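Peer 1: File my_file-v9.tsv follows (TSV, C-alpha atoms):
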```tsv
chain	number	residue	atom	x	y	z
W	1	GLU	CA	42.92	8.36	35.74
W	2	ASP	CA	44.93	6.31	38.22
W	3	HIS	CA	45.62	2.55	38.28
W	4	ASN	CA	42.56	2.00	40.50
W	5	GLY	CA	40.18	3.42	37.89
W	6	ASN	CA	39.55	6.68	39.77
W	7	ILE	CA	39.54	9.99	37.93
W	8	TRP	CA	41.26	12.96	39.58
W	9	ILE	CA	40.03	16.51	39.01
W	10	ALA	CA	41.97	19.73	39.66
W	11	THR	CA	39.86	22.74	40.62
W	12	SER	CA	40.36	26.42	41.34
W	13	GLY	CA	38.81	26.98	44.75
W	14	GLN	CA	37.83	23.49	45.90
W	15	GLY	CA	41.15	21.72	45.77
W	16	MET	CA	41.66	18.29	44.26
W	17	MET	CA	38.68	15.98	43.88
W	18	MET	CA	38.42	12.26	43.09
W	19	LEU	CA	35.62	10.84	40.94
W	20	CYS	CA	35.06	7.31	42.23
W	21	GLU	CA	33.76	4.30	40.33
W	22	ASP	CA	30.41	4.57	42.18
W	23	GLY	CA	29.93	8.09	40.79
W	24	SER	CA	30.67	9.94	44.03
W	25	VAL	CA	33.09	12.88	44.13
W	26	ARG	CA	35.27	13.40	47.19
W	27	LEU	CA	38.76	14.18	48.42
W	28	SER	CA	40.80	11.07	48.99
W	29	PRO	CA	41.10	10.51	52.77
W	30	LYS	CA	44.71	9.51	52.26
W	31	MET	CA	45.61	12.89	50.75
W	32	GLN	CA	45.19	14.83	53.97
W	33	ALA	CA	48.39	16.80	53.35
W	34	LEU	CA	46.64	18.51	50.41
W	35	GLU	CA	43.21	19.08	51.90
W	36	ASN	CA	43.90	22.75	52.75
W	37	ILE	CA	45.21	23.55	49.28
W	38	LYS	CA	42.29	24.89	47.25
W	39	PHE	CA	43.82	26.07	43.98
W	40	ILE	CA	45.26	23.21	41.90
W	41	THR	CA	46.57	24.12	38.43
W	42	SER	CA	47.72	20.71	37.17
W	43	ILE	CA	47.89	17.01	38.02
W	44	SER	CA	49.66	14.15	36.27
W	45	ILE	CA	50.39	10.48	37.06
W	46	ASP	CA	53.82	9.19	36.09
W	47	HIS	CA	54.92	5.72	34.93
W	48	GLU	CA	55.49	4.53	38.50
W	49	GLY	CA	51.98	5.46	39.58
W	50	TYR	CA	52.91	8.56	41.58
W	51	MET	CA	50.69	11.62	41.29
W	52	TRP	CA	52.31	15.01	40.72
W	53	VAL	CA	50.27	17.98	41.89
W	54	VAL	CA	50.95	21.64	41.08
W	55	ALA	CA	49.34	24.01	43.60
W	56	SER	CA	49.04	27.69	42.71
W	57	LYS	CA	51.57	29.77	44.70
W	58	CYS	CA	52.25	26.78	46.98
W	59	GLY	CA	54.56	24.43	45.12
W	60	VAL	CA	54.78	20.97	43.59
W	61	TYR	CA	53.88	17.75	45.43
W	62	ARG	CA	54.63	14.09	44.71
W	63	CYS	CA	51.97	11.78	46.15
W	64	ASN	CA	51.67	8.04	46.62
W	65	ILE	CA	48.08	7.32	45.65
W	66	ASP	CA	47.85	4.09	47.66
W	67	THR	CA	49.46	5.19	50.93
W	68	GLY	CA	48.75	8.91	50.81
W	69	GLU	CA	52.39	9.74	51.49
W	70	THR	CA	53.04	13.23	50.13
W	71	MET	CA	56.38	14.97	49.52
W	72	MET	CA	56.93	18.57	48.54
W	73	VAL	CA	59.46	18.79	45.69
W	74	ARG	CA	62.15	21.44	45.82
W	75	LEU	CA	62.03	24.22	43.26
W	76	PRO	CA	64.55	26.93	42.39
W	77	ASP	CA	64.63	29.56	45.14
W	78	ASP	CA	63.03	32.30	43.03
W	79	ALA	CA	60.45	30.09	41.29
W	80	LEU	CA	56.81	31.18	41.46
W	81	ILE	CA	54.02	28.68	40.83
W	82	ASN	CA	51.07	30.48	39.25
W	83	GLU	CA	47.91	29.66	37.35
W	84	ALA	CA	49.80	28.98	34.09
W	85	ALA	CA	51.95	26.24	35.62
W	86	PHE	CA	51.57	22.59	34.62
W	87	VAL	CA	53.29	19.26	35.20
W	88	ARG	CA	53.79	16.64	32.46
W	89	HIS	CA	55.63	13.34	32.14
W	90	SER	CA	57.37	12.09	29.00
W	91	ALA	CA	57.36	8.69	27.30
W	92	ASP	CA	60.76	7.87	28.82
W	93	GLY	CA	59.60	8.65	32.38
W	94	ARG	CA	60.93	12.19	32.77
W	95	ILE	CA	58.93	14.75	34.72
W	96	PHE	CA	58.62	18.35	33.49
W	97	ILE	CA	57.06	21.44	35.01
W	98	ASN	CA	56.44	24.88	33.58
W	99	ILE	CA	57.47	27.79	35.79
W	100	VAL	CA	56.63	31.30	34.61
W	101	PRO	CA	58.56	33.31	33.54
W	102	ASP	CA	61.61	31.02	33.35
W	103	GLY	CA	60.25	28.17	31.24
W	104	ILE	CA	60.26	24.39	31.52
W	105	PHE	CA	62.12	22.58	34.31
W	106	GLN	CA	63.00	18.89	34.48
W	107	TYR	CA	62.93	16.78	37.66
W	108	ASP	CA	66.25	15.26	38.72
W	109	PRO	CA	65.67	12.16	40.91
W	110	ALA	CA	69.26	12.27	42.17
W	111	THR	CA	68.86	15.71	43.77
W	112	GLY	CA	65.10	15.57	44.32
W	113	GLN	CA	64.51	18.95	42.68
W	114	PHE	CA	63.69	20.56	39.35
W	115	GLU	CA	66.38	22.09	37.17
W	116	LEU	CA	65.97	24.36	34.13
W	117	SER	CA	65.71	22.32	30.92
W	118	SER	CA	67.53	23.26	27.73
W	119	ILE	CA	64.41	22.62	25.64
W	120	THR	CA	62.94	26.06	26.42
W	121	PRO	CA	64.15	28.64	23.87
W	122	ARG	CA	65.17	31.99	25.26
W	123	GLY	CA	62.47	34.63	25.43
W	124	VAL	CA	59.46	32.30	25.52
W	125	GLY	CA	59.52	31.16	29.15
W	126	SER	CA	56.63	33.41	30.13
W	127	LEU	CA	54.64	32.32	27.06
W	128	VAL	CA	54.67	28.54	27.58
W	129	TYR	CA	51.14	27.18	28.04
W	130	ASP	CA	51.34	23.43	27.51
W	131	PHE	CA	53.79	20.63	26.86
W	132	ALA	CA	53.64	17.14	25.32
W	133	THR	CA	56.11	14.53	24.14
W	134	ASP	CA	56.48	11.39	22.07
W	135	ASP	CA	59.48	9.10	21.54
W	136	GLN	CA	61.41	11.62	19.46
W	137	TYR	CA	60.16	15.15	20.15
W	138	TYR	CA	59.09	17.55	22.87
W	139	TYR	CA	56.24	19.85	21.85
W	140	ILE	CA	55.83	23.23	23.55
W	141	GLY	CA	52.64	25.25	23.11
W	142	THR	CA	53.14	29.00	23.47
W	143	ASP	CA	50.90	32.01	23.90
W	144	GLY	CA	51.52	33.77	20.60
W	145	GLN	CA	54.64	32.11	19.18
W	146	GLY	CA	53.18	28.90	17.74
W	147	LEU	CA	54.34	25.35	18.43
W	148	ILE	CA	57.99	24.84	19.40
W	149	VAL	CA	59.45	21.41	18.60
W	150	HIS	CA	62.56	20.05	20.34
W	151	ASN	CA	64.28	17.00	18.82
W	152	ILE	CA	65.35	14.72	21.68
W	153	LEU	CA	68.02	12.96	19.61
W	154	THR	CA	69.71	16.01	18.07
W	155	SER	CA	68.84	18.56	20.82
W	156	LYS	CA	67.72	21.00	18.09
W	157	THR	CA	64.74	23.30	18.72
W	158	GLU	CA	62.62	24.96	16.04
W	159	VAL	CA	59.22	26.53	15.53
W	160	LEU	CA	56.86	24.26	13.56
W	161	ASP	CA	55.92	25.76	10.18
W	162	LEU	CA	52.36	24.55	9.71
W	163	TYR	CA	50.08	25.94	7.01
W	164	ILE	CA	46.44	26.27	8.06
W	165	PRO	CA	44.08	28.43	5.97
W	166	HIS	CA	43.22	31.78	7.63
W	167	ILE	CA	45.56	31.15	10.59
W	168	ASP	CA	49.05	32.58	11.03
W	169	PHE	CA	50.42	29.54	12.84
W	170	SER	CA	53.69	31.27	13.73
W	171	LYS	CA	51.65	33.52	16.03
W	172	ALA	CA	49.16	30.92	17.24
W	173	LYS	CA	48.20	30.75	20.91
W	174	ILE	CA	48.39	27.05	21.71
W	175	HIS	CA	46.90	26.52	25.14
W	176	SER	CA	46.46	22.76	25.04
W	177	ILE	CA	48.28	19.80	23.47
W	178	LEU	CA	47.20	16.16	23.36
W	179	ILE	CA	48.83	13.18	21.63
W	180	ASP	CA	46.24	10.41	21.20
W	181	ARG	CA	46.74	6.63	21.14
W	182	ASP	CA	47.35	6.70	17.37
W	183	MET	CA	50.07	9.33	17.92
W	184	ASN	CA	48.06	12.07	16.21
W	185	MET	CA	48.54	15.49	17.81
W	186	TRP	CA	45.59	17.70	18.81
W	187	LEU	CA	46.17	21.41	19.42
W	188	GLY	CA	43.70	23.67	21.19
W	189	LEU	CA	44.11	27.20	19.79
W	190	PHE	CA	42.84	30.20	21.73
W	191	GLN	CA	39.92	31.74	19.76
W	192	LYS	CA	40.83	29.66	16.66
W	193	GLY	CA	39.44	26.21	17.40
W	194	LEU	CA	40.97	22.75	17.30
W	195	VAL	CA	43.70	21.49	14.94
W	196	MET	CA	44.65	17.85	14.39
W	197	ILE	CA	48.12	17.03	13.02
W	198	PRO	CA	48.20	13.41	11.81
W	199	LYS	CA	51.13	11.16	12.67
W	200	LYS	CA	51.95	10.92	8.98
W	201	SER	CA	52.42	14.57	8.08
W	202	SER	CA	52.08	13.86	4.34
W	203	ARG	CA	48.62	12.41	4.84
W	204	PHE	CA	46.82	15.68	4.04
W	205	THR	CA	47.61	18.39	1.50
W	206	THR	CA	45.54	21.56	1.42
W	207	PHE	CA	44.56	23.04	-1.95
W	208	CYS	CA	42.88	26.41	-1.52
W	209	TYR	CA	42.83	30.04	-2.63
W	210	ASN	CA	46.11	31.65	-1.58
W	211	HIS	CA	48.50	33.06	-4.18
W	212	ASP	CA	51.33	33.16	-1.65
W	213	ARG	CA	51.21	29.37	-1.28
W	214	PRO	CA	51.40	26.38	-3.63
W	215	TYR	CA	48.28	24.37	-4.43
W	216	CYS	CA	46.20	27.48	-5.20
W	217	ILE	CA	42.70	26.67	-6.42
W	218	GLY	CA	40.62	29.44	-7.93
W	219	SER	CA	38.15	31.09	-5.61
W	220	GLY	CA	38.58	28.34	-3.04
W	221	SER	CA	34.91	27.39	-3.48
W	222	VAL	CA	35.02	23.72	-4.44
W	223	MET	CA	31.72	22.46	-5.86
W	224	CYS	CA	32.55	18.90	-6.95
W	225	ILE	CA	35.34	16.32	-7.29
W	226	ASP	CA	35.76	13.28	-9.53
W	227	SER	CA	38.66	10.83	-9.65
W	228	PRO	CA	38.77	8.66	-12.79
W	229	LYS	CA	42.19	7.32	-11.77
W	230	PRO	CA	43.66	6.63	-8.31
W	231	ASP	CA	46.46	9.19	-8.75
W	232	GLU	CA	44.45	12.18	-9.96
W	233	ALA	CA	41.35	14.27	-9.31
W	234	TRP	CA	39.26	16.71	-11.31
W	235	VAL	CA	37.79	19.60	-9.34
W	236	GLY	CA	34.91	21.89	-10.29
W	237	ILE	CA	35.07	25.42	-8.89
W	238	ASP	CA	32.54	28.18	-8.40
W	239	ALA	CA	33.31	30.94	-10.96
W	240	ASP	CA	36.72	29.53	-11.93
W	241	GLY	CA	36.04	26.42	-13.98
W	242	LEU	CA	37.99	23.18	-13.91
W	243	TYR	CA	41.21	22.12	-12.14
W	244	HIS	CA	43.30	18.96	-12.52
W	245	ILE	CA	45.21	17.72	-9.47
W	246	LYS	CA	47.76	14.92	-9.39
W	247	MET	CA	48.60	13.12	-6.19
W	248	ASN	CA	52.22	14.32	-6.39
W	249	GLY	CA	50.88	17.82	-5.67
W	250	ASP	CA	50.72	19.22	-9.23
W	251	CYS	CA	47.69	21.46	-9.65
W	252	LYS	CA	46.67	22.91	-13.03
W	253	HIS	CA	43.83	25.16	-14.13
W	254	ILE	CA	42.24	23.87	-17.37
W	255	ASP	CA	41.80	27.02	-19.44
W	256	VAL	CA	39.95	25.68	-22.50
W	257	PRO	CA	37.14	27.48	-24.39
W	258	GLY	CA	33.78	25.87	-23.76
W	259	ILE	CA	34.48	24.78	-20.18
W	260	PRO	CA	31.82	26.29	-17.90
W	261	ARG	CA	32.76	28.92	-15.34
W	262	THR	CA	30.79	27.34	-12.49
W	263	ILE	CA	30.84	23.53	-12.46
W	264	LEU	CA	28.35	21.86	-10.13
W	265	ASP	CA	29.17	18.21	-10.85
W	266	ILE	CA	31.76	16.11	-12.70
W	267	LYS	CA	31.43	12.54	-13.98
W	268	HIS	CA	33.91	10.63	-16.11
W	269	GLU	CA	32.14	9.33	-19.21
W	270	VAL	CA	31.51	5.59	-19.30
W	271	LYS	CA	30.61	3.62	-22.45
W	272	ASN	CA	30.02	-0.15	-22.31
W	273	GLY	CA	31.43	-0.24	-18.82
W	274	LYS	CA	34.72	1.49	-19.74
W	275	GLN	CA	36.01	5.02	-19.26
W	276	THR	CA	36.38	6.98	-22.48
W	277	GLY	CA	38.85	9.65	-21.36
W	278	LYS	CA	36.15	12.32	-21.38
W	279	LEU	CA	34.48	14.27	-18.58
W	280	LEU	CA	30.83	15.30	-18.29
W	281	LEU	CA	30.61	18.76	-16.75
W	282	SER	CA	27.31	19.96	-15.30
W	283	SER	CA	27.13	23.70	-14.81
W	284	TYR	CA	25.13	26.68	-13.66
W	285	ASN	CA	23.75	28.62	-16.68
W	286	GLU	CA	25.91	26.79	-19.26
W	287	GLY	CA	24.28	23.37	-19.12
W	288	LEU	CA	25.96	20.05	-19.87
W	289	VAL	CA	29.39	19.96	-21.54
W	290	LEU	CA	31.51	17.00	-22.67
W	291	TYR	CA	35.27	17.61	-22.29
W	292	ASP	CA	37.89	15.39	-23.95
W	293	ILE	CA	40.90	15.12	-21.61
W	294	ASN	CA	43.30	14.09	-24.38
W	295	THR	CA	42.34	16.51	-27.18
W	296	HIS	CA	41.06	19.33	-24.95
W	297	GLN	CA	37.96	19.64	-27.14
W	298	THR	CA	34.55	20.51	-25.66
W	299	LYS	CA	31.06	19.73	-26.89
W	300	SER	CA	27.74	21.09	-25.64
W	301	LEU	CA	25.04	18.49	-24.99
W	302	ASN	CA	22.30	21.02	-24.34
W	303	ASN	CA	20.31	20.30	-27.51
W	304	ALA	CA	18.97	17.11	-25.94
W	305	LEU	CA	17.86	18.95	-22.81
W	306	GLN	CA	14.57	20.77	-23.30
W	307	MET	CA	14.16	22.96	-20.23
W	308	SER	CA	10.50	23.61	-19.41
W	309	HIS	CA	11.06	27.14	-18.12
W	310	LYS	CA	13.23	29.72	-19.87
W	311	ASP	CA	14.39	31.22	-16.56
W	312	TYR	CA	15.99	27.88	-15.67
W	313	ASN	CA	17.63	27.14	-19.03
W	314	TRP	CA	20.93	25.30	-18.83
W	315	ARG	CA	21.02	25.12	-15.04
W	316	THR	CA	22.01	21.48	-14.70
W	317	THR	CA	23.23	20.18	-11.36
W	318	ALA	CA	23.98	16.66	-10.10
W	319	MET	CA	24.59	13.58	-12.28
W	320	THR	CA	24.63	9.83	-11.79
W	321	TYR	CA	24.80	6.68	-13.95
W	322	ASP	CA	22.27	3.93	-13.30
W	323	LYS	CA	23.21	0.25	-13.50
W	324	LEU	CA	22.16	0.16	-17.18
W	325	GLY	CA	24.66	2.88	-18.06
W	326	ARG	CA	22.09	5.64	-18.56
W	327	LEU	CA	23.01	9.15	-17.40
W	328	TRP	CA	20.58	10.96	-15.07
W	329	ILE	CA	20.90	14.72	-14.68
W	330	GLY	CA	19.31	17.03	-12.12
W	331	SER	CA	18.37	20.65	-12.70
W	332	TYR	CA	17.29	23.81	-10.90
W	333	GLY	CA	13.51	23.78	-11.20
W	334	CYS	CA	13.05	21.69	-14.35
W	335	GLY	CA	13.05	18.20	-12.96
W	336	ILE	CA	15.35	15.32	-13.81
W	337	PHE	CA	16.59	14.22	-17.24
W	338	MET	CA	17.56	10.75	-18.39
W	339	LEU	CA	19.98	11.10	-21.28
W	340	LYS	CA	20.31	8.28	-23.80
W	341	CYS	CA	23.72	6.78	-24.42
W	342	ASP	CA	24.26	8.62	-27.71
W	343	TYR	CA	23.15	11.93	-26.11
W	344	SER	CA	20.49	12.37	-28.79
W	345	ILE	CA	17.34	12.52	-26.65
W	346	ALA	CA	16.69	13.15	-22.99
W	347	ASN	CA	13.51	12.11	-21.22
W	348	ASN	CA	12.34	14.76	-18.76
W	349	TYR	CA	10.79	13.76	-15.46
W	350	SER	CA	8.96	16.64	-13.79
W	351	SER	CA	5.58	17.50	-12.30
W	352	SER	CA	4.38	18.81	-15.67
W	353	ASN	CA	5.44	15.65	-17.49
W	354	GLU	CA	3.46	12.48	-18.05
W	355	HIS	CA	6.15	10.40	-16.33
W	356	ILE	CA	5.36	11.97	-12.94
W	357	ASP	CA	2.30	11.79	-10.72
W	358	TYR	CA	2.29	15.24	-9.12
W	359	THR	CA	-0.15	14.15	-6.39
W	360	ARG	CA	2.61	11.94	-4.97
W	361	ASN	CA	4.63	15.08	-4.11
W	362	GLU	CA	7.59	14.00	-6.20
W	363	PRO	CA	10.74	16.02	-5.43
W	364	VAL	CA	11.78	16.51	-9.04
W	365	ASN	CA	10.48	20.08	-9.40
W	366	ASN	CA	12.76	21.21	-6.61
W	367	TRP	CA	16.39	22.18	-7.02
W	368	ILE	CA	18.34	18.94	-7.30
W	369	ASN	CA	21.52	19.20	-5.25
W	370	CYS	CA	22.88	15.66	-5.38
W	371	MET	CA	22.15	12.22	-6.84
W	372	CYS	CA	23.61	8.75	-6.44
W	373	THR	CA	22.79	5.22	-7.58
W	374	VAL	CA	22.41	2.38	-5.10
W	375	GLY	CA	21.42	-0.93	-6.68
W	376	ASP	CA	18.23	-0.44	-8.70
W	377	ASN	CA	17.44	2.91	-7.08
W	378	ILE	CA	18.49	6.50	-7.62
W	379	TRP	CA	18.62	8.66	-4.52
W	380	ILE	CA	17.99	12.37	-4.89
W	381	GLY	CA	18.88	15.24	-2.55
W	382	THR	CA	16.87	18.42	-3.04
W	383	TYR	CA	17.00	22.00	-1.88
```
Would you put the structure from the file into structure tokens?

Peer 2:
Amino acid sequence: EDHNGNIWIATSGQGMMMLCEDGSVRLSPKMQALENIKFITSISIDHEGYMWVVASKCGVYRCNIDTGETMMVRLPDDALINEAAFVRHSADGRIFINIVPDGIFQYDPATGQFELSSITPRGVGSLVYDFATDDQYYYIGTDGQGLIVHNILTSKTEVLDLYIPHIDFSKAKIHSILIDRDMNMWLGLFQKGLVMIPKKSSRFTTFCYNHDRPYCIGSGSVMCIDSPKPDEAWVGIDADGLYHIKMNGDCKHIDVPGIPRTILDIKHEVKNGKQTGKLLLSSYNEGLVLYDINTHQTKSLNNALQMSHKDYNWRTTAMTYDKLGRLWIGSYGCGIFMLKCDYSIANNYSSSNEHIDYTRNEPVNNWINCMCTVGDNIWIGTY
């Protein structure tokens, strides 16, 4: 977009088009020097308002948008502009162009031509696909060698080591790079989707199933998370029980007898408005279990739950506390249970129970996937 609010579009076959504020699309009448050039690979507008245009197999042009004055910029004698070429400008006003197979060239205003930049590592010139920059780094996207980072202050160049599950980032094909207004970086990966790298690199830590990496969590199938304290989290896993994660990155599997194998929901126990240091674990086939974090003792609470169908015994799912401190528990096919504070008796709400009017099509005989309390109401998600 230029300073007049017009949007410029580069095409392969129809040249360079301008999308005007009135919605019309046309070639700017002032850009007559470019009207016979049909294959445009890249356009960029620098800090002074000049437009830089890369034309396939024709060269690079510097255009004054207001006057239409166009100048062809000198390139090295053996340079070939092809479909992979692009032009970019940096935060400090420098202009860069990619020339295959040599790499990235920088524009020298004193000589009026591009000269090979030192930021391109040897052997990757023909693989460069995109380029971006911030105040400290140049970022080079390659076709099969990941993201190359050049430190402007130290002049050091390295390949970014980024861990993304199921992607070998050292061999990633990065065909597009964008740095947004919040300085987050977006990478378009060929056949692998879109990756966002936040400005604060420590903002996200991935915990998943990979024995070759830290932060390994069981099968990788996370079913539920609860955080009694700001600096920790308890995670329920499908077929691998309970994990405890601290915000400093420590991750520990809780291998204690009585903890269910598949945990569908976790709630920290609350008595009289205070946490007790115990966790309520709702599970598939093993029912409701109370786990003491300090003593590592477990206690089954299934005696209070009278399942109405033997095939569904001990298949408890989601949990929530109401504003009176009562615990509500969902199940697979046996309705909803309200457990008294001492865990002695649970009232069952289902279509075969006197508490429910079945003609109202209550959802409680379905599989209860999730529950939450909002004010006086309990919201229920079913399968």

Peer 1: Do you know which residues are at most 7 Å from Ser44 (chain W) counting all atoms listed in the file, after dropping those on the same chain fewer than 4 positions away, and could you put them as a count of residues only?

Peer 2: 5

Peer 1: Draw an axis-aligned box tight on the listed atoms of region 162-171 of chain W, then pad every side by 3 Å and write out centre and edge lengths in Å to one decimal as AutoDock Vina command-line options.

Peer 2:
```
--center_x 48.5 --center_y 29.0 --center_z 11.0 --size_x 16.5 --size_y 15.0 --size_z 16.1
```

Peer 1: Tell me, as an MDAnalysis selection string, which residues lie within 12 Å of Ile179 (chain W), counting only C-alpha atoms; anything in the same chain fewer than 2 positions away does not count.

Peer 2: chainID W and resid 90:91 131:135 137:139 176:177 181:188 195:199

Peer 1: For a quick check of understanding, using all atoms listed in the file, which of W:Met319, W:Leu339, W:Val73, W:Ser117 has the smallest distance to Asp226 (chain W)?

Peer 2: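 So, comparing all the options, the nearest one is W:Met319.
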
Peer 1: Do you have the CA of Phe337 (chain W)-CA of Ala233 (chain W) distance handy?

Peer 2: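 Distance reported for this atom pair: 26.0 Å.
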
Peer 1: Between CA of Gly146 (chain W) and CA of Ser170 (chain W), what is the spacing in Å?

Peer 2: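 These atoms are spaced 4.7 Å apart.
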
Peer 1: Just to confirm, what's the straight-line distance from CA of Ser24 (chain W) to CA of Met71 (chain W) in Å (one decimal)?

Peer 2: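 One can read the CA of Ser24 (chain W) to CA of Met71 (chain W) distance as 26.8 Å.
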
Peer 1: In terms of the shortest atom-to-atom distance over all atoms listed in the file, which of W:Leu75, W:Cys251, W:Ile40, W:Leu189 is closest to Asp130 (chain W)?

Peer 2: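 Counting all atoms listed in the file, the residue closest to Asp130 (chain W) is W:Leu189.
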
Peer 1: Could you tell me which of W:Ser155, W:Thr41, W:Thr320, W:Gln32 comes closest to Thr11 (chain W) if we count all atoms listed in the file?

Peer 2: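 Of all the options, W:Thr41 lies closest to Thr11 (chain W).
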
Peer 1: Determine the nearest neighbour of Val60 (chain W) from the options W:Ile99, W:Asn36, W:Met17, W:Asp250, counting all atoms listed in the file.

Peer 2: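 Using all atoms listed in the file, the shortest distance to Val60 (chain W) belongs to W:Ile99.
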
Peer 1: If I put a ball of radius 12 Å at (46.1, 6.5, 48.6) in the file's coordinates, which residues poke into it when counting only C-alpha atoms, written as number ranges by chain?

Peer 2: W: 2-4, 6, 18, 27-33, 49-51, 63-70

Peer 1: May I have the protein, DNA and RNA residues with an atom at most 12 Å from (37.4, 17.0, -5.2), counting all atoms listed in the file in the file's coordinates, returned as a PyMOL selection string?

Peer 2: chain W and resi 206-208+217+220-228+232-237+242-247+263-267

Peer 1: Restricting the calculation to only C-alpha atoms: of W:Val54, W:Ala239, W:Ile380, W:Ala304, which residue gets closest to Asn285 (chain W)?

Peer 2: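 The shortest atom-to-atom distance to Asn285 (chain W) comes from W:Ala239.
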
Peer 1: Find the residues around Ser12 (chain W) up to 12 Å (all atoms listed in the file counted), leave out those fewer than 3 positions away in its own chain, and share them as a VMD selection string.

Peer 2: chain W and resid 9 15 to 17 37 to 42 54 to 56 82 to 83

Peer 1: Measuring atom to atom with all atoms listed in the file, identify which of W:Lys271, W:Gln297, W:Trp379, W:Tyr349 is nearest to Gly325 (chain W).

Peer 2: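 Of W:Lys271, W:Gln297, W:Trp379, W:Tyr349, the one nearest Gly325 (chain W), counting all atoms listed in the file, is W:Lys271.
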
Peer 1: Name all residues at most 9 Å from Leu301 (chain W) (count only C-alpha atoms; drop same-chain ones fewer than 6 positions away) and give them as an mmCIF file with C-alpha atoms, in the coordinates of the input.

Peer 2:
```cif
data_model
loop_
_atom_site.group_PDB
_atom_site.id
_atom_site.type_symbol
_atom_site.label_atom_id
_atom_site.label_comp_id
_atom_site.auth_asym_id
_atom_site.auth_seq_id
_atom_site.Cartn_x
_atom_site.Cartn_y
_atom_site.Cartn_z
ATOM 1 C CA GLY W 287 24.280 23.370 -19.120
ATOM 2 C CA LEU W 288 25.960 20.050 -19.870
ATOM 3 C CA VAL W 289 29.390 19.960 -21.540
ATOM 4 C CA LEU W 290 31.510 17.000 -22.670
ATOM 5 C CA TYR W 343 23.150 11.930 -26.110
ATOM 6 C CA SER W 344 20.490 12.370 -28.790
#
```
